[in-house]
Structure formats: structure tokens, C-alpha cells
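Peer 1: To be precise about what I am sending: the file is called coords03.cif and holds mmCIF, C-alpha atoms.
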```cif
data_data
#
loop_
_atom_site.label_atom_id
_atom_site.label_comp_id
_atom_site.auth_asym_id
_atom_site.auth_seq_id
_atom_site.Cartn_x
_atom_site.Cartn_y
_atom_site.Cartn_z
CA LEU A 447 19.44 -27.52 189.18
CA ARG A 448 16.75 -25.43 187.57
CA THR A 449 17.30 -21.84 186.48
CA SER A 450 14.71 -19.40 185.36
CA ASN A 451 15.03 -16.91 182.60
CA MET A 452 13.79 -13.63 184.11
CA ALA A 453 14.05 -11.90 180.73
CA ASP A 454 11.16 -14.02 179.44
CA PRO A 455 7.91 -12.26 180.51
CA SER A 456 6.02 -15.54 180.49
CA GLN A 457 8.42 -16.86 183.16
CA SER A 458 8.23 -13.85 185.51
CA PRO A 459 5.96 -14.03 188.60
CA PRO A 460 2.70 -12.06 188.45
CA GLN A 461 2.87 -8.56 189.86
CA SER A 462 0.60 -7.37 192.64
CA PRO A 463 -2.03 -4.70 191.92
CA GLU A 464 0.02 -2.25 194.04
CA ALA A 465 3.09 -2.85 191.84
CA GLN A 466 0.95 -2.33 188.74
CA GLY A 467 -0.35 0.94 190.13
CA GLY A 468 -3.64 -0.38 191.60
CA ALA A 469 -4.70 -0.19 195.24
CA ALA A 470 -6.63 -3.46 195.56
CA PRO A 471 -5.23 -5.91 198.12
CA ARG A 472 -3.79 -9.15 196.85
CA VAL A 473 -5.90 -12.18 197.78
CA LEU A 474 -4.53 -15.67 197.43
CA PRO A 475 -7.08 -18.20 196.27
CA ILE A 476 -7.50 -21.34 198.39
CA ALA A 477 -8.10 -24.46 196.33
CA SER A 478 -10.50 -26.28 198.65
CA PRO A 479 -12.24 -26.11 202.03
CA GLN A 480 -9.78 -28.72 203.31
CA ALA A 481 -6.88 -26.45 202.33
CA ALA A 482 -8.54 -23.54 204.13
CA GLU A 483 -8.99 -25.73 207.22
CA GLN A 484 -5.36 -26.82 207.08
CA LEU A 485 -4.20 -23.23 206.69
CA GLY A 486 -6.32 -22.14 209.65
CA GLN A 487 -5.05 -25.03 211.78
CA GLY A 488 -1.47 -24.24 210.77
CA LEU A 489 -1.85 -20.59 211.77
CA TYR A 490 -3.49 -21.64 215.03
CA ASP A 491 -0.69 -24.09 215.81
CA PHE A 492 1.91 -21.46 214.90
CA LEU A 493 0.40 -18.68 217.04
CA LEU A 494 -0.78 -20.76 220.03
CA PRO A 495 2.59 -20.86 221.89
CA VAL A 496 3.10 -17.11 221.47
CA VAL A 497 -0.41 -16.27 222.64
CA THR A 498 -0.13 -18.71 225.55
CA GLU A 499 3.18 -17.23 226.68
CA CYS A 500 1.83 -13.70 226.36
CA ASP A 501 -1.25 -14.68 228.39
CA GLU A 502 0.93 -16.22 231.11
CA ARG A 503 3.09 -13.10 231.30
CA VAL A 504 0.00 -10.88 231.57
CA LYS A 505 -1.30 -13.07 234.41
CA GLU A 506 2.10 -12.78 236.14
CA VAL A 507 1.97 -9.00 235.79
CA PHE A 508 -1.52 -8.91 237.31
CA ALA A 509 -0.35 -11.09 240.21
CA SER A 510 2.70 -8.88 240.71
CA GLN A 511 0.54 -5.75 240.68
CA ALA A 512 -1.80 -7.30 243.25
CA ALA A 513 1.15 -8.18 245.52
CA LEU A 514 2.55 -4.67 245.12
CA SER A 515 -0.83 -3.17 245.96
CA GLU A 516 -1.02 -5.29 249.13
CA GLN A 517 2.47 -4.18 250.17
CA ILE A 518 1.61 -0.52 249.59
CA ASP A 519 -1.61 -0.91 251.63
CA SER A 520 0.34 -2.58 254.44
CA LEU A 521 2.99 0.13 254.45
CA SER A 522 0.35 2.84 254.40
CA ALA A 523 -1.42 1.25 257.39
CA GLN A 524 1.87 1.02 259.30
CA LEU A 525 2.70 4.65 258.58
CA GLU A 526 -0.74 5.77 259.72
CA LYS A 527 -0.32 3.72 262.91
CA PHE A 528 3.11 5.27 263.50
CA ILE A 529 1.77 8.79 262.98
CA ASP A 530 -1.13 8.14 265.33
CA GLU A 531 1.07 6.61 268.03
CA SER A 532 3.90 9.09 267.94
CA LYS A 533 3.08 12.28 269.72
CA THR A 534 5.58 14.55 268.08
CA PRO A 535 5.63 18.05 269.51
CA ALA A 536 4.53 20.92 267.37
CA LEU A 537 7.71 22.08 265.69
CA GLY A 538 6.32 25.32 264.31
CA PRO A 539 7.23 27.52 267.32
CA TYR A 540 10.75 26.10 267.46
CA VAL A 541 11.28 26.66 263.75
CA GLN A 542 10.11 30.27 264.19
CA LYS A 543 12.53 30.78 267.10
CA LEU A 544 15.42 29.41 265.02
CA SER A 545 14.51 31.67 262.14
CA ASN A 546 14.35 34.71 264.42
CA SER A 547 17.72 33.79 265.96
CA ARG A 548 19.28 33.44 262.53
CA ASN A 549 17.97 36.85 261.51
CA ARG A 550 19.40 38.40 264.70
CA VAL A 551 22.78 36.74 264.15
CA SER A 552 22.85 38.03 260.56
CA SER A 553 22.00 41.52 261.76
CA ILE A 554 24.71 41.41 264.42
CA ASN A 555 27.25 40.18 261.84
CA ALA A 556 26.40 43.08 259.55
CA LEU A 557 26.79 45.52 262.46
CA LEU A 558 30.15 43.98 263.42
CA ASP A 559 31.33 44.30 259.79
CA ARG A 560 30.49 48.02 259.82
CA ILE A 561 32.28 48.47 263.16
CA MET A 562 35.37 46.66 261.82
CA LEU A 563 35.43 48.96 258.76
CA ARG A 564 35.25 52.03 261.02
CA LEU A 565 38.03 50.69 263.23
CA ASP A 566 40.18 49.99 260.16
CA ARG A 567 39.66 53.57 258.95
CA VAL A 568 40.50 54.95 262.37
CA ASN A 569 43.61 52.78 262.54
CA THR A 570 44.62 53.92 259.06
CA MET A 571 44.16 57.54 260.05
CA ILE A 572 46.21 57.10 263.21
CA THR A 573 49.09 55.27 261.55
CA SER A 574 49.35 57.36 258.42
CA PRO A 575 52.24 59.89 258.47
CA ASP A 576 50.20 62.73 256.94
CA SER A 577 47.46 62.61 259.52
CA ASP A 578 46.80 65.79 261.46
CA ARG A 579 46.62 65.14 265.15
#
```
Taking this structure as input, can you express it in the form of C-alpha cells?
Peer 2:
Amino acid sequence: LRTSNMADPSQSPPQSPEAQGGAAPRVLPIASPQAAEQLGQGLYDFLLPVVTECDERVKEVFASQAALSEQIDSLSAQLEKFIDESKTPALGPYVQKLSNSRNRVSSINALLDRIMLRLDRVNTMITSPDSDR
């Protein structure tokens, strides 16, 4: 088991330029072109499965979007066909008649409320003992 003495400055790891107050990026030297090739191949081998899976998922999303687009187009065509084939009557006049009827009913209800209040006052006047007849 090997232990290091961190108190000894000659044993401490070198500090990055950022840690020393500089802004230069830290660059690791590569010993030989073969080492650079091996590093590149290692990174490629490491990232290839992730990139491949991501690419497959993107292709699946595109296929799903295409299928969804086809379904929307089909539904839109069916709705247009339904609208063209169904000869629904113009509902505007009927809606206007219903609105007019509702306004008349509301007006009649307000009139009946006023009549009921008058009848209540008349009844109160008739039944009260102080009323002058």
C-alpha cells in the first residue's frame, strides 16, 4: 500500500492554470501519434453506442410523426366528406327564435313578480287590523 505525503510540495499534483489564477485551458500532451490514434479510437468506441441509439430514436420519432401526419390527413378528409355529405339545416333562424322566446319568458317573469308584489301588498292591506276600509 502506497501513501503520499500531501504536505510535501514536490509530491502534490500540478495545478491547472485556472487554479493558479490563469485563464488558459489545460491541454494534456499525447506522447505519440499511436497514442493519439488509440485515444481517438477509444472515444469513438465509447460514443458509438450512444450516438447509434440516439440516431435510432430520432428515426423512430420521424416515423411516428409521419404516421401521425397521415392519420391527421385521413381524419381531415373524412371530416370534410362528412360536412359535404350532411345537409344540416341552417340553425341561425332557430337560435334567434329561441333567444327571442327566452327574452319574452324573462320579461313575463319580471311582470309576474311585480304583480305578485302588488297582490301581496293588497293582501297585507286587507288583512291588517288598522286598515281603513
Peer 1: At what distance in Å, to one decimal, does atom CA of A:Ala536 lie from atom CA of A:Leu521?
Peer 2: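 These two atoms are separated by 24.5 Å.
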Peer 1: Grab the atom CA of A:Glu531 to atom CA of A:Asp519 distance for me, in Å with one decimal place.
Peer 2: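 Atom-to-atom, atom CA of A:Glu531 and atom CA of A:Asp519 are spaced 18.2 Å apart.
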Peer 1: Mind giving me the straight-line distance from atom CA of A:Leu489 to atom CA of A:Phe508 in Å, one decimal?
Peer 2: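 Distance between the two atoms: 28.1 Å.
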